[in-house]
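Here is the file input_32.txt (compact mmCIF, C-alpha atoms).
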```
# COMPACT_ATOMS: atom_id res chain seq x y z
CA MET A 183 12.56 19.28 -12.88
CA GLY A 184 12.71 15.78 -14.25
CA SER A 185 15.13 14.47 -11.61
CA VAL A 186 13.10 16.07 -8.82
CA LEU A 187 9.89 14.44 -9.97
CA ALA A 188 11.59 11.13 -10.52
CA ALA A 189 12.79 11.01 -6.95
CA THR A 190 9.46 11.91 -5.42
CA SER A 191 6.20 10.07 -5.23
CA PRO A 192 4.50 9.72 -8.60
CA SER A 193 1.26 11.15 -7.21
CA PRO A 194 1.51 14.44 -5.31
CA ALA A 195 -2.03 14.20 -3.89
CA PRO A 196 -1.28 11.53 -1.28
CA ALA A 197 1.16 13.86 0.45
CA ALA A 198 -1.78 15.83 1.83
CA ALA A 199 -4.30 13.01 2.22
CA GLY A 200 -5.31 11.62 5.58
CA GLY A 201 -4.18 8.14 6.54
CA SER A 202 -0.93 6.24 6.62
CA GLN A 203 0.63 7.01 3.28
CA GLY A 204 4.27 7.39 2.41
CA VAL A 205 6.30 5.74 5.14
CA PRO A 206 5.07 2.17 5.47
CA GLY A 207 5.24 -0.22 8.36
CA LEU A 208 6.55 1.28 11.57
CA VAL A 209 5.23 4.82 11.71
CA SER A 210 1.56 5.04 12.57
CA VAL A 211 0.41 8.42 11.46
CA PRO A 212 -2.03 10.40 13.61
CA PRO A 213 -5.23 11.40 11.84
CA GLY A 214 -4.82 14.49 9.72
CA PHE A 215 -1.10 14.01 9.20
CA THR A 216 0.87 12.14 6.60
CA MET A 217 4.48 11.37 6.05
CA PRO A 218 5.60 12.75 2.72
CA ALA A 219 5.43 9.99 0.16
CA VAL A 220 8.76 9.19 -1.41
CA SER A 221 8.84 6.31 -3.80
CA SER A 222 11.45 3.70 -3.10
CA VAL A 223 14.17 3.38 -5.68
CA PRO A 224 13.84 0.25 -7.82
CA PRO A 225 16.35 -2.48 -6.99
CA THR A 226 19.74 -2.22 -8.59
CA SER A 227 20.86 -4.83 -11.04
CA GLY A 228 23.25 -6.55 -8.63
CA SER A 229 26.86 -6.62 -9.67
CA GLY A 230 26.08 -5.68 -13.27
CA PRO A 231 28.14 -6.99 -16.14
CA SER A 232 30.54 -8.78 -13.85
CA ALA A 233 27.84 -11.10 -12.42
CA ASP A 234 28.78 -14.72 -12.77
CA ALA A 235 26.44 -17.71 -13.12
CA GLU A 236 26.26 -18.26 -9.35
CA SER A 237 24.82 -14.75 -8.68
CA SER A 238 22.14 -14.78 -11.40
CA LEU A 239 19.40 -14.23 -8.84
CA PRO A 240 18.06 -10.67 -8.87
CA ASN A 241 17.83 -8.46 -5.84
CA PRO A 242 14.32 -8.99 -4.44
CA GLY A 243 13.70 -5.35 -3.49
CA THR A 244 12.63 -4.23 -0.05
CA TYR A 245 10.29 -5.94 2.39
CA GLU A 246 7.82 -3.06 2.34
CA GLU A 247 7.50 -3.12 -1.44
CA CYS A 248 6.18 -6.66 -1.61
CA HIS A 249 2.54 -5.73 -1.14
CA ARG A 250 2.87 -2.28 -2.69
CA LYS A 251 2.15 -3.27 -6.29
CA CYS A 252 -1.32 -4.45 -5.29
CA LYS A 253 -1.94 -1.60 -2.87
CA GLU A 254 -1.24 1.00 -5.55
CA VAL A 255 -4.17 -0.26 -7.61
CA TYR A 256 -6.61 0.71 -4.87
CA PRO A 257 -8.25 4.16 -4.94
CA LEU A 258 -7.59 6.59 -2.14
CA GLN A 259 -10.49 7.83 -0.06
CA MET A 260 -11.14 11.46 -0.83
CA GLU A 261 -13.12 13.81 1.35
CA GLY A 262 -13.79 17.47 0.89
CA VAL A 263 -12.03 19.78 -1.51
CA ARG A 264 -8.30 19.90 -2.17
CA LEU A 265 -6.28 22.31 -4.27
CA VAL A 266 -2.62 21.46 -4.94
CA VAL A 267 -0.15 23.70 -6.71
CA ASN A 268 3.22 22.17 -7.61
CA LYS A 269 6.05 24.36 -8.76
CA GLY A 270 9.49 23.24 -9.80
CA LEU A 271 12.02 25.94 -9.00
CA SER A 272 15.01 24.10 -10.45
CA ASN A 273 16.16 20.62 -11.39
CA HIS A 274 16.82 19.98 -7.72
CA PHE A 275 14.09 21.83 -5.87
CA GLN A 276 10.31 21.65 -5.97
CA VAL A 277 7.67 23.20 -3.73
CA SER A 278 3.97 22.52 -3.33
CA HIS A 279 1.07 24.37 -1.79
CA THR A 280 -1.98 22.44 -0.63
CA VAL A 281 -5.26 23.90 0.56
CA THR A 282 -7.82 21.49 1.98
CA LEU A 283 -11.43 22.14 2.89
CA SER A 284 -13.04 19.32 4.84
CA THR A 285 -16.01 18.57 7.03
CA LEU A 286 -14.47 15.54 8.77
CA ALA A 287 -10.86 16.63 9.24
CA GLU A 288 -9.45 20.08 9.88
CA SER A 289 -9.22 22.42 6.94
CA GLY A 290 -5.94 24.11 6.39
CA TYR A 291 -2.89 24.90 4.33
CA ARG A 292 0.19 22.78 3.91
CA PHE A 293 3.54 23.77 2.39
CA GLY A 294 5.77 21.06 1.02
CA SER A 295 9.23 21.05 -0.47
CA THR A 296 11.45 18.45 -2.08
CA TYR A 297 15.18 18.68 -2.65
CA VAL A 298 17.11 16.19 -4.74
CA GLY A 299 20.88 16.25 -4.62
CA SER A 300 23.50 15.84 -7.29
CA LYS A 301 24.82 12.37 -6.45
CA GLN A 302 23.31 10.39 -9.29
CA THR A 303 23.30 6.63 -8.83
CA GLY A 304 21.02 5.76 -11.72
CA PRO A 305 19.06 7.21 -14.64
CA ALA A 306 16.23 8.31 -12.35
CA GLU A 307 17.94 8.19 -8.95
CA SER A 308 19.71 11.03 -7.27
CA PHE A 309 20.67 11.51 -3.65
CA PRO A 310 20.30 12.90 -1.09
CA VAL A 311 16.54 13.38 -1.14
CA ILE A 312 15.08 15.72 1.43
CA VAL A 313 11.29 15.92 1.64
CA GLY A 314 9.34 17.99 4.11
CA ASP A 315 5.98 19.55 4.62
CA MET A 316 4.46 21.74 7.27
CA ASP A 317 0.88 22.74 7.88
CA ASN A 318 -0.57 25.97 9.18
CA THR A 319 -0.41 24.79 12.82
CA GLY A 320 3.33 24.24 12.59
CA SER A 321 3.27 20.45 12.43
CA LEU A 322 6.18 19.08 10.41
CA ASN A 323 6.79 15.89 8.47
CA ALA A 324 10.30 15.43 7.12
CA GLN A 325 12.42 12.71 5.57
CA ILE A 326 16.06 12.54 4.53
CA ILE A 327 17.13 9.67 2.30
CA HIS A 328 20.73 9.20 1.31
CA GLN A 329 22.70 6.52 -0.47
CA LEU A 330 25.78 6.09 1.73
CA THR A 331 27.47 3.49 -0.49
CA SER A 332 26.42 1.54 -3.56
CA ALA A 333 24.69 -1.00 -1.32
CA VAL A 334 23.78 0.94 1.83
CA ARG A 335 20.95 3.42 2.03
CA SER A 336 19.81 5.34 5.09
CA LYS A 337 16.67 7.24 5.92
CA ILE A 338 15.74 9.51 8.79
CA ALA A 339 12.12 10.54 9.29
CA ILE A 340 10.56 12.80 11.88
CA GLN A 341 7.04 13.94 12.55
CA THR A 342 5.93 16.66 14.89
CA GLN A 343 2.55 17.77 16.12
CA GLN A 344 3.03 21.51 16.47
CA GLN A 345 6.04 21.78 18.80
CA LYS A 346 5.98 18.20 20.10
CA PHE A 347 7.91 15.37 18.44
CA VAL A 348 5.52 12.51 17.78
CA ASN A 349 7.59 10.11 15.68
CA TRP A 350 11.27 9.88 14.86
CA GLN A 351 12.95 6.95 13.22
CA CYS A 352 16.18 5.96 11.56
CA ASP A 353 16.40 3.32 8.86
CA LEU A 354 19.43 1.50 7.44
CA GLU A 355 19.11 -0.77 4.41
CA TYR A 356 21.68 -3.05 2.81
CA ARG A 357 21.09 -4.43 -0.68
CA GLY A 358 23.13 -7.48 -1.56
CA GLU A 359 23.19 -9.26 -4.89
CA ASP A 360 20.26 -11.52 -4.08
CA PHE A 361 19.04 -10.29 -0.72
CA THR A 362 17.98 -7.16 1.12
CA SER A 363 18.22 -6.53 4.83
CA ALA A 364 17.04 -3.51 6.76
CA VAL A 365 17.02 -2.31 10.34
CA THR A 366 14.74 0.43 11.61
CA LEU A 367 14.95 2.11 15.00
CA GLY A 368 11.77 3.91 15.94
CA ASN A 369 11.14 6.46 18.66
CA PRO A 370 14.25 5.59 20.67
CA ASP A 371 14.28 7.21 24.09
CA VAL A 372 17.45 6.54 26.07
CA LEU A 373 16.22 8.36 29.18
CA VAL A 374 12.99 6.40 29.48
CA GLY A 375 14.41 3.22 28.04
CA SER A 376 11.84 2.73 25.31
CA GLY A 377 11.86 2.23 21.60
CA ILE A 378 10.97 -0.02 18.72
CA LEU A 379 13.37 -2.08 16.62
CA VAL A 380 12.29 -3.57 13.31
CA ALA A 381 14.44 -5.96 11.28
CA HIS A 382 13.64 -7.13 7.75
CA TYR A 383 15.28 -9.73 5.58
CA LEU A 384 14.29 -10.78 2.07
CA GLN A 385 16.12 -13.42 0.02
CA SER A 386 15.69 -14.43 -3.60
CA ILE A 387 15.35 -18.20 -3.82
CA THR A 388 14.63 -18.39 -7.54
CA PRO A 389 14.24 -15.61 -10.12
CA GLY A 390 10.55 -15.55 -9.25
CA LEU A 391 10.40 -16.62 -5.62
CA ALA A 392 11.51 -14.52 -2.68
CA LEU A 393 11.19 -15.44 0.97
CA GLY A 394 11.73 -13.24 3.96
CA GLY A 395 10.85 -12.35 7.48
CA GLU A 396 10.21 -9.48 9.83
CA MET A 397 10.86 -9.08 13.51
CA VAL A 398 9.44 -6.22 15.54
CA TYR A 399 10.79 -5.72 19.05
CA HIS A 400 9.25 -3.08 21.26
CA ARG A 401 10.30 -1.99 24.72
CA ARG A 402 9.06 0.44 27.30
CA PRO A 403 9.36 0.60 31.08
CA GLY A 404 7.91 -2.55 32.54
CA GLU A 405 7.06 -4.14 29.22
CA GLU A 406 8.79 -5.61 26.22
CA GLY A 407 7.81 -7.97 23.47
CA ALA A 408 8.57 -9.18 19.99
CA VAL A 409 6.45 -10.13 17.00
CA THR A 410 7.70 -12.04 14.00
CA SER A 411 6.18 -12.73 10.62
CA LEU A 412 7.19 -14.55 7.46
CA LEU A 413 6.74 -13.40 3.88
CA GLY A 414 6.70 -15.19 0.57
CA ARG A 415 6.41 -13.54 -2.83
CA TYR A 416 6.15 -15.09 -6.26
CA THR A 417 6.53 -12.97 -9.36
CA GLY A 418 5.25 -14.23 -12.68
CA ASP A 419 5.25 -12.70 -16.14
CA ASN A 420 2.35 -10.39 -15.42
CA TYR A 421 1.41 -11.10 -11.82
CA VAL A 422 2.74 -10.90 -8.30
CA ALA A 423 1.40 -13.01 -5.44
CA THR A 424 2.48 -12.21 -1.90
CA LEU A 425 1.65 -13.84 1.40
CA THR A 426 2.55 -12.66 4.89
CA LEU A 427 1.94 -14.92 7.90
CA GLY A 428 2.46 -13.90 11.49
CA GLY A 429 1.12 -14.22 14.98
CA ALA A 430 -1.22 -11.29 14.40
CA GLY A 431 -2.80 -12.81 11.32
CA ALA A 432 -2.36 -13.24 7.60
CA HIS A 433 -2.17 -10.88 4.65
CA ALA A 434 -2.32 -12.05 1.04
CA THR A 435 -2.28 -9.91 -2.10
CA TYR A 436 -2.49 -10.78 -5.76
CA TYR A 437 -1.60 -8.26 -8.45
CA HIS A 438 -2.39 -8.97 -12.09
CA ARG A 439 -1.48 -6.81 -15.06
CA ALA A 440 -4.01 -7.81 -17.71
CA ASN A 441 -2.74 -5.37 -20.34
CA ASP A 442 -1.39 -1.84 -20.65
CA GLN A 443 -4.72 -0.38 -19.60
CA LEU A 444 -6.00 -2.74 -16.94
CA GLN A 445 -4.49 -3.78 -13.65
CA ILE A 446 -6.30 -5.80 -11.00
CA GLY A 447 -5.54 -6.30 -7.33
CA VAL A 448 -7.08 -8.75 -4.88
CA GLU A 449 -6.36 -8.55 -1.17
CA PHE A 450 -7.15 -10.78 1.80
CA GLU A 451 -6.55 -9.80 5.42
CA ALA A 452 -7.20 -11.80 8.54
CA SER A 453 -6.55 -10.50 12.05
CA THR A 454 -6.58 -13.00 14.89
CA ARG A 455 -6.57 -10.23 17.48
CA MET A 456 -9.53 -8.37 16.04
CA GLN A 457 -11.18 -11.65 14.91
CA GLU A 458 -11.91 -10.06 11.55
CA THR A 459 -11.31 -11.01 7.95
CA THR A 460 -11.66 -8.84 4.87
CA THR A 461 -11.36 -9.48 1.15
CA SER A 462 -11.28 -6.73 -1.43
CA LEU A 463 -11.00 -6.42 -5.18
CA ALA A 464 -9.74 -3.36 -7.02
CA TYR A 465 -8.95 -2.45 -10.58
CA GLN A 466 -7.16 0.39 -12.29
CA LEU A 467 -8.04 1.58 -15.76
CA ASP A 468 -5.40 3.74 -17.43
CA VAL A 469 -6.27 5.31 -20.76
CA PRO A 470 -3.37 7.62 -21.67
CA LYS A 471 -4.96 8.65 -24.96
CA ALA A 472 -7.88 10.06 -23.00
CA ASN A 473 -5.62 11.28 -20.15
CA LEU A 474 -7.82 9.31 -17.83
CA LEU A 475 -7.08 7.18 -14.78
CA PHE A 476 -9.94 5.35 -13.08
CA LYS A 477 -9.73 3.17 -10.00
CA GLY A 478 -12.52 1.17 -8.42
CA THR A 479 -12.81 -1.13 -5.46
CA VAL A 480 -15.33 -3.35 -3.68
CA ASP A 481 -14.80 -5.35 -0.51
CA SER A 482 -16.49 -7.88 1.74
CA ASN A 483 -17.63 -5.18 4.17
CA TRP A 484 -19.96 -3.86 1.47
CA VAL A 485 -17.79 -0.81 0.76
CA VAL A 486 -17.71 0.40 -2.82
CA GLY A 487 -15.41 3.19 -3.92
CA ALA A 488 -13.91 4.80 -6.97
CA THR A 489 -11.69 7.67 -8.01
CA LEU A 490 -11.29 9.33 -11.36
CA GLU A 491 -8.35 11.47 -12.45
CA LYS A 492 -8.45 13.42 -15.66
CA LYS A 493 -5.73 15.62 -17.07
CA LEU A 494 -7.22 18.71 -18.62
CA LEU A 495 -4.63 19.21 -21.35
CA PRO A 496 -3.28 21.55 -22.66
CA LEU A 497 -3.69 23.18 -19.25
CA PRO A 498 -1.37 21.84 -16.53
CA LEU A 499 -4.44 20.77 -14.56
CA THR A 500 -5.47 17.42 -13.16
CA LEU A 501 -9.02 16.96 -11.93
CA ALA A 502 -9.71 14.26 -9.33
CA LEU A 503 -13.09 12.99 -8.19
CA GLY A 504 -13.62 10.32 -5.59
CA ALA A 505 -16.49 8.68 -3.76
CA PHE A 506 -16.83 5.87 -1.24
CA LEU A 507 -20.08 4.25 -0.15
CA ASN A 508 -20.42 1.97 2.86
CA HIS A 509 -23.64 0.10 2.34
CA ARG A 510 -23.55 -1.66 5.70
CA LYS A 511 -23.10 1.51 7.75
CA HIS A 512 -25.05 3.72 5.35
CA LYS A 513 -22.19 6.20 5.02
CA PHE A 514 -21.18 8.14 1.95
CA GLN A 515 -18.02 10.15 1.39
CA CYS A 516 -16.98 12.11 -1.67
CA GLY A 517 -14.14 14.41 -2.56
CA PHE A 518 -12.93 16.73 -5.27
CA GLY A 519 -9.44 17.87 -6.05
CA VAL A 520 -7.54 19.99 -8.52
CA THR A 521 -3.80 19.73 -9.02
CA ILE A 522 -1.92 22.43 -10.88
CA GLY A 523 1.56 21.66 -12.14
CA MET B 1104 -40.07 -51.77 9.97
CA SER B 1105 -36.52 -51.71 11.31
CA GLY B 1106 -35.26 -50.88 7.81
CA SER B 1107 -37.56 -47.86 7.51
CA ASN B 1108 -36.59 -46.75 11.05
CA GLY B 1109 -32.91 -47.00 10.04
CA LYS B 1110 -33.54 -44.97 6.89
CA LYS B 1111 -35.44 -42.36 8.88
CA GLY B 1112 -32.55 -42.20 11.36
CA SER B 1113 -29.91 -41.71 8.66
CA SER B 1114 -32.03 -39.13 6.80
CA SER B 1115 -32.64 -37.18 10.02
CA GLY B 1116 -28.87 -37.27 10.66
CA VAL B 1117 -28.22 -35.90 7.20
CA MET B 1118 -30.85 -33.24 7.72
CA GLU B 1119 -29.27 -32.27 11.02
CA TRP B 1120 -25.88 -32.03 9.35
CA ILE B 1121 -27.30 -29.88 6.57
CA GLY B 1122 -29.03 -27.68 9.15
CA SER B 1123 -25.86 -27.18 11.19
CA ALA B 1124 -23.92 -26.44 7.99
CA CYS B 1125 -26.49 -23.81 7.00
CA ARG B 1126 -26.37 -22.25 10.47
CA PHE B 1127 -22.55 -22.15 10.26
CA ALA B 1128 -22.68 -20.56 6.82
CA ALA B 1129 -25.18 -17.91 7.94
CA ASP B 1130 -23.49 -17.02 11.27
CA ARG B 1131 -21.80 -13.70 10.51
CA ASN B 1132 -20.22 -13.53 13.96
CA ASP B 1133 -18.24 -16.75 13.55
CA PHE B 1134 -14.56 -16.06 12.80
CA ARG B 1135 -13.90 -19.41 11.10
CA ARG B 1136 -16.95 -19.00 8.90
CA ASN B 1137 -15.89 -15.49 7.90
CA LEU B 1138 -12.36 -16.76 7.27
CA LEU B 1139 -13.60 -19.50 4.92
CA VAL B 1140 -15.97 -17.16 3.11
CA ASN B 1141 -13.28 -14.54 2.57
CA LEU B 1142 -10.75 -17.15 1.45
CA GLY B 1143 -13.29 -18.27 -1.10
CA LEU B 1144 -13.85 -14.68 -2.20
CA PHE B 1145 -10.09 -14.21 -2.53
CA ALA B 1146 -9.78 -17.31 -4.66
CA ALA B 1147 -12.71 -16.15 -6.80
CA GLY B 1148 -11.10 -12.73 -7.18
CA VAL B 1149 -7.82 -14.26 -8.29
CA TRP B 1150 -9.68 -16.47 -10.80
CA VAL B 1151 -11.55 -13.44 -12.18
CA ALA B 1152 -8.30 -11.46 -12.47
CA ARG B 1153 -6.54 -14.26 -14.33
CA ASN B 1154 -9.36 -15.36 -16.62
CA LEU B 1155 -11.78 -12.53 -17.22
CA SER B 1156 -9.50 -9.55 -17.71
CA ASP B 1157 -8.11 -10.25 -21.17
CA PHE B 1158 -9.99 -7.61 -23.11
CA ASP B 1159 -8.48 -4.72 -25.00
CA LEU B 1160 -10.23 -1.43 -24.42
CA MET B 1161 -8.41 0.32 -27.25
CA SER B 1162 -9.29 -2.23 -29.91
CA PRO B 1163 -11.34 -0.83 -32.84
CA GLN B 1164 -15.09 -1.22 -32.63
CA PRO B 1165 -16.63 -3.80 -34.99
CA VAL B 1166 -18.28 -2.25 -38.02
CA THR B 1167 -21.97 -3.20 -38.22
```

Structure encoded using structure tokens:
Amino acid sequence: MGSVLAATSPSPAPAAAGGSQGVPGLVSVPPGFTMPAVSSVPPTSGSGPSADAESSLPNPGTYEECHRKCKEVYPLQMEGVRLVVNKGLSNHFQVSHTVTLSTLAESGYRFGSTYVGSKQTGPAESFPVIVGDMDNTGSLNAQIIHQLTSAVRSKIAIQTQQQKFVNWQCDLEYRGEDFTSAVTLGNPDVLVGSGILVAHYLQSITPGLALGGEMVYHRRPGEEGAVTSLLGRYTGDNYVATLTLGGAGAHATYYHRANDQLQIGVEFEASTRMQETTTSLAYQLDVPKANLLFKGTVDSNWVVGATLEKKLLPLPLTLALGAFLNHRKHKFQCGFGVTIG
Amino acid sequence: MSGSNGKKGSSSGVMEWIGSACRFAADRNDFRRNLLVNLGLFAAGVWVARNLSDFDLMSPQPVT
């Protein structure tokens, strides 16, 4: 049970939530569907005890993880009622049942399963990891993650809408001692001659500074193009500042861990195509003695939101309440969820 | 007379500059204005996170 939970996302609720959760970057998820969230494995400690003075720089992690620390502080929008039942069947296999009742999206049932293999590469890492979930209309989200060698990891993800394949992608990641490179091939179609290729590279410059870049190349009949962006991340004792600059705009995040209970995230986004800029502030309050987790956010579009999670010990129940209020558009959205197991 | 006309000219120029700056600051449809405002909000948010978050919620309450 422990190794299954360690390999899966720390929060089971996002697996059934609307919006682009789980697989970051390339896959844009249609409304009502999510890719199962699988947390990335933390970077390995390079060459371990045999590291010499020249390779003292740590592995910088993956490109997608750079903004994740700040994004995880933000509360998720909840709408309607959700009931989640998680059941671990063995140390390798876990299933989940999710029932959602909603006024905005379609209500339904979703079955999810997670399998974690026996190849243990770390105290909380085992491979392969196979995650999948299917809803009552037959739409499937599935991921397979496997550590091919000590430095190479691969991932295959597919998403179907009933019987039609909507997204399929293959990901290959190489972790060096002080750099990480990854290549992702999305929706390749040899017959039509279309597809998307994404390349990432992240290099540790100093123990705190990492610089990297991303290139996205897309092709379809009669059209092709490429977009590049640069990333810089600085990690301090209790903060992480990340900046991404590209042709489409800029994205800056600042994550600050004030103490064991309080974490704060600040985010700035500017889109030159949409001619829009947004700034938001979020905080996370974690009180383990009260089994309470509270997240709040406010942004420059006059949107205020919060979620509260409370574990109802000794029962294996977690109660979640969430509400978002858009003052400018006069819209209110609230949600309620119960997680068992 | 010419001195007062010169002062009036410079003060009207300053007033015009202040007026155009206020119109720029109040124009919600201007991308550069929104960019500057949000950059300022981001900087303010970072300052708040670094300087105003050092309180311990679990510390014992003072006895009165």

Give me, as a CSV table (one decimal) with C-alpha atoms, keeping the file's coordinate frame, the contact residues of chain A against chain B at a cut-off of 6 Å, counting only C-alpha atoms.
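Done, and the output landed in out.csv:
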```
chain,number,residue,atom,x,y,z
A,440,ALA,CA,-4.0,-7.8,-17.7
A,457,GLN,CA,-11.2,-11.6,14.9
A,459,THR,CA,-11.3,-11.0,8.0
A,461,THR,CA,-11.4,-9.5,1.2
```

Shell around segment 298-305 of chain A at 7 Å using only C-alpha atoms, local window under 3 positions removed, as a PyMOL selection string: chain A and resi 186+274-275+308-312

Coordinates-based distance that separates atom CA of Gln344 of chain A from atom CA of Ala324 of chain A (Å, one decimal):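 For atom CA of Ala324 of chain A relative to atom CA of Gln344 of chain A, the distance reads 13.3 Å.
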
Point-to-point distance in Å for atom CA of His249 of chain A and atom CA of Ala392 of chain A: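 Atom-to-atom, atom CA of Ala392 of chain A to atom CA of His249 of chain A, that is 12.7 Å.
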
Separation of atom CA of Gln325 of chain A from atom CA of Glu247 of chain A in Å: 18.0 Å

Protein and nucleic acid residues near (12.6, -11.2, -4.9) (cut-off 12 Å, only C-alpha atoms) as a PyMOL selection string: chain A and resi 224-225+239-248+357-362+383-394+413-418+422-424

Surrounding residues of segment 444-446 of chain A excluding itself and chain neighbours under 6 positions, 6 Å, all atoms listed in the file, as number ranges by chain: A: 437-438, 464-467

Residues within 10 Å of Val263 of chain A, only C-alpha atoms, excluding chain neighbours under 6 positions, as a PyMOL selection string: chain A and resi 281-285+289+502-503+516-520

How would the residues just picked look written out with C-alpha atoms as an mmCIF file, keeping the file's coordinate frame?
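That gives us again.cif:
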```
data_model
loop_
_atom_site.group_PDB
_atom_site.id
_atom_site.type_symbol
_atom_site.label_atom_id
_atom_site.label_comp_id
_atom_site.auth_asym_id
_atom_site.auth_seq_id
_atom_site.Cartn_x
_atom_site.Cartn_y
_atom_site.Cartn_z
ATOM 1 C CA VAL A 281 -5.260 23.900 0.560
ATOM 2 C CA THR A 282 -7.820 21.490 1.980
ATOM 3 C CA LEU A 283 -11.430 22.140 2.890
ATOM 4 C CA SER A 284 -13.040 19.320 4.840
ATOM 5 C CA THR A 285 -16.010 18.570 7.030
ATOM 6 C CA SER A 289 -9.220 22.420 6.940
ATOM 7 C CA ALA A 502 -9.710 14.260 -9.330
ATOM 8 C CA LEU A 503 -13.090 12.990 -8.190
ATOM 9 C CA CYS A 516 -16.980 12.110 -1.670
ATOM 10 C CA GLY A 517 -14.140 14.410 -2.560
ATOM 11 C CA PHE A 518 -12.930 16.730 -5.270
ATOM 12 C CA GLY A 519 -9.440 17.870 -6.050
ATOM 13 C CA VAL A 520 -7.540 19.990 -8.520
#
```

May I have the protein, DNA and RNA residues with any atom at most 10 Å from the point (13.1, 6.4, 8.7), counting only C-alpha atoms, written as a compact mmCIF listing (two decimals) with C-alpha atoms, in the coordinates of the input?
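Result went into result-v5.txt, see below:
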```txt
# COMPACT_ATOMS: atom_id res chain seq x y z
CA VAL A 205 6.30 5.74 5.14
CA PRO A 206 5.07 2.17 5.47
CA LEU A 208 6.55 1.28 11.57
CA VAL A 209 5.23 4.82 11.71
CA ALA A 324 10.30 15.43 7.12
CA GLN A 325 12.42 12.71 5.57
CA ILE A 326 16.06 12.54 4.53
CA ILE A 327 17.13 9.67 2.30
CA SER A 336 19.81 5.34 5.09
CA LYS A 337 16.67 7.24 5.92
CA ILE A 338 15.74 9.51 8.79
CA ALA A 339 12.12 10.54 9.29
CA ILE A 340 10.56 12.80 11.88
CA ASN A 349 7.59 10.11 15.68
CA TRP A 350 11.27 9.88 14.86
CA GLN A 351 12.95 6.95 13.22
CA CYS A 352 16.18 5.96 11.56
CA ASP A 353 16.40 3.32 8.86
CA LEU A 354 19.43 1.50 7.44
CA VAL A 365 17.02 -2.31 10.34
CA THR A 366 14.74 0.43 11.61
CA LEU A 367 14.95 2.11 15.00
CA GLY A 368 11.77 3.91 15.94
```

Residue among A:Met397, A:Val277, A:Val448, A:Leu474 lying closest to Tyr436 of chain A, counting only C-alpha atoms: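 For Tyr436 of chain A, the nearest of the given residues is A:Val448.
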
Selection near His279 of chain A, 9 Å with all atoms listed in the file, sequence-local residues under 5 positions removed, as a VMD selection string: chain A and resid 265 to 269 291 to 295
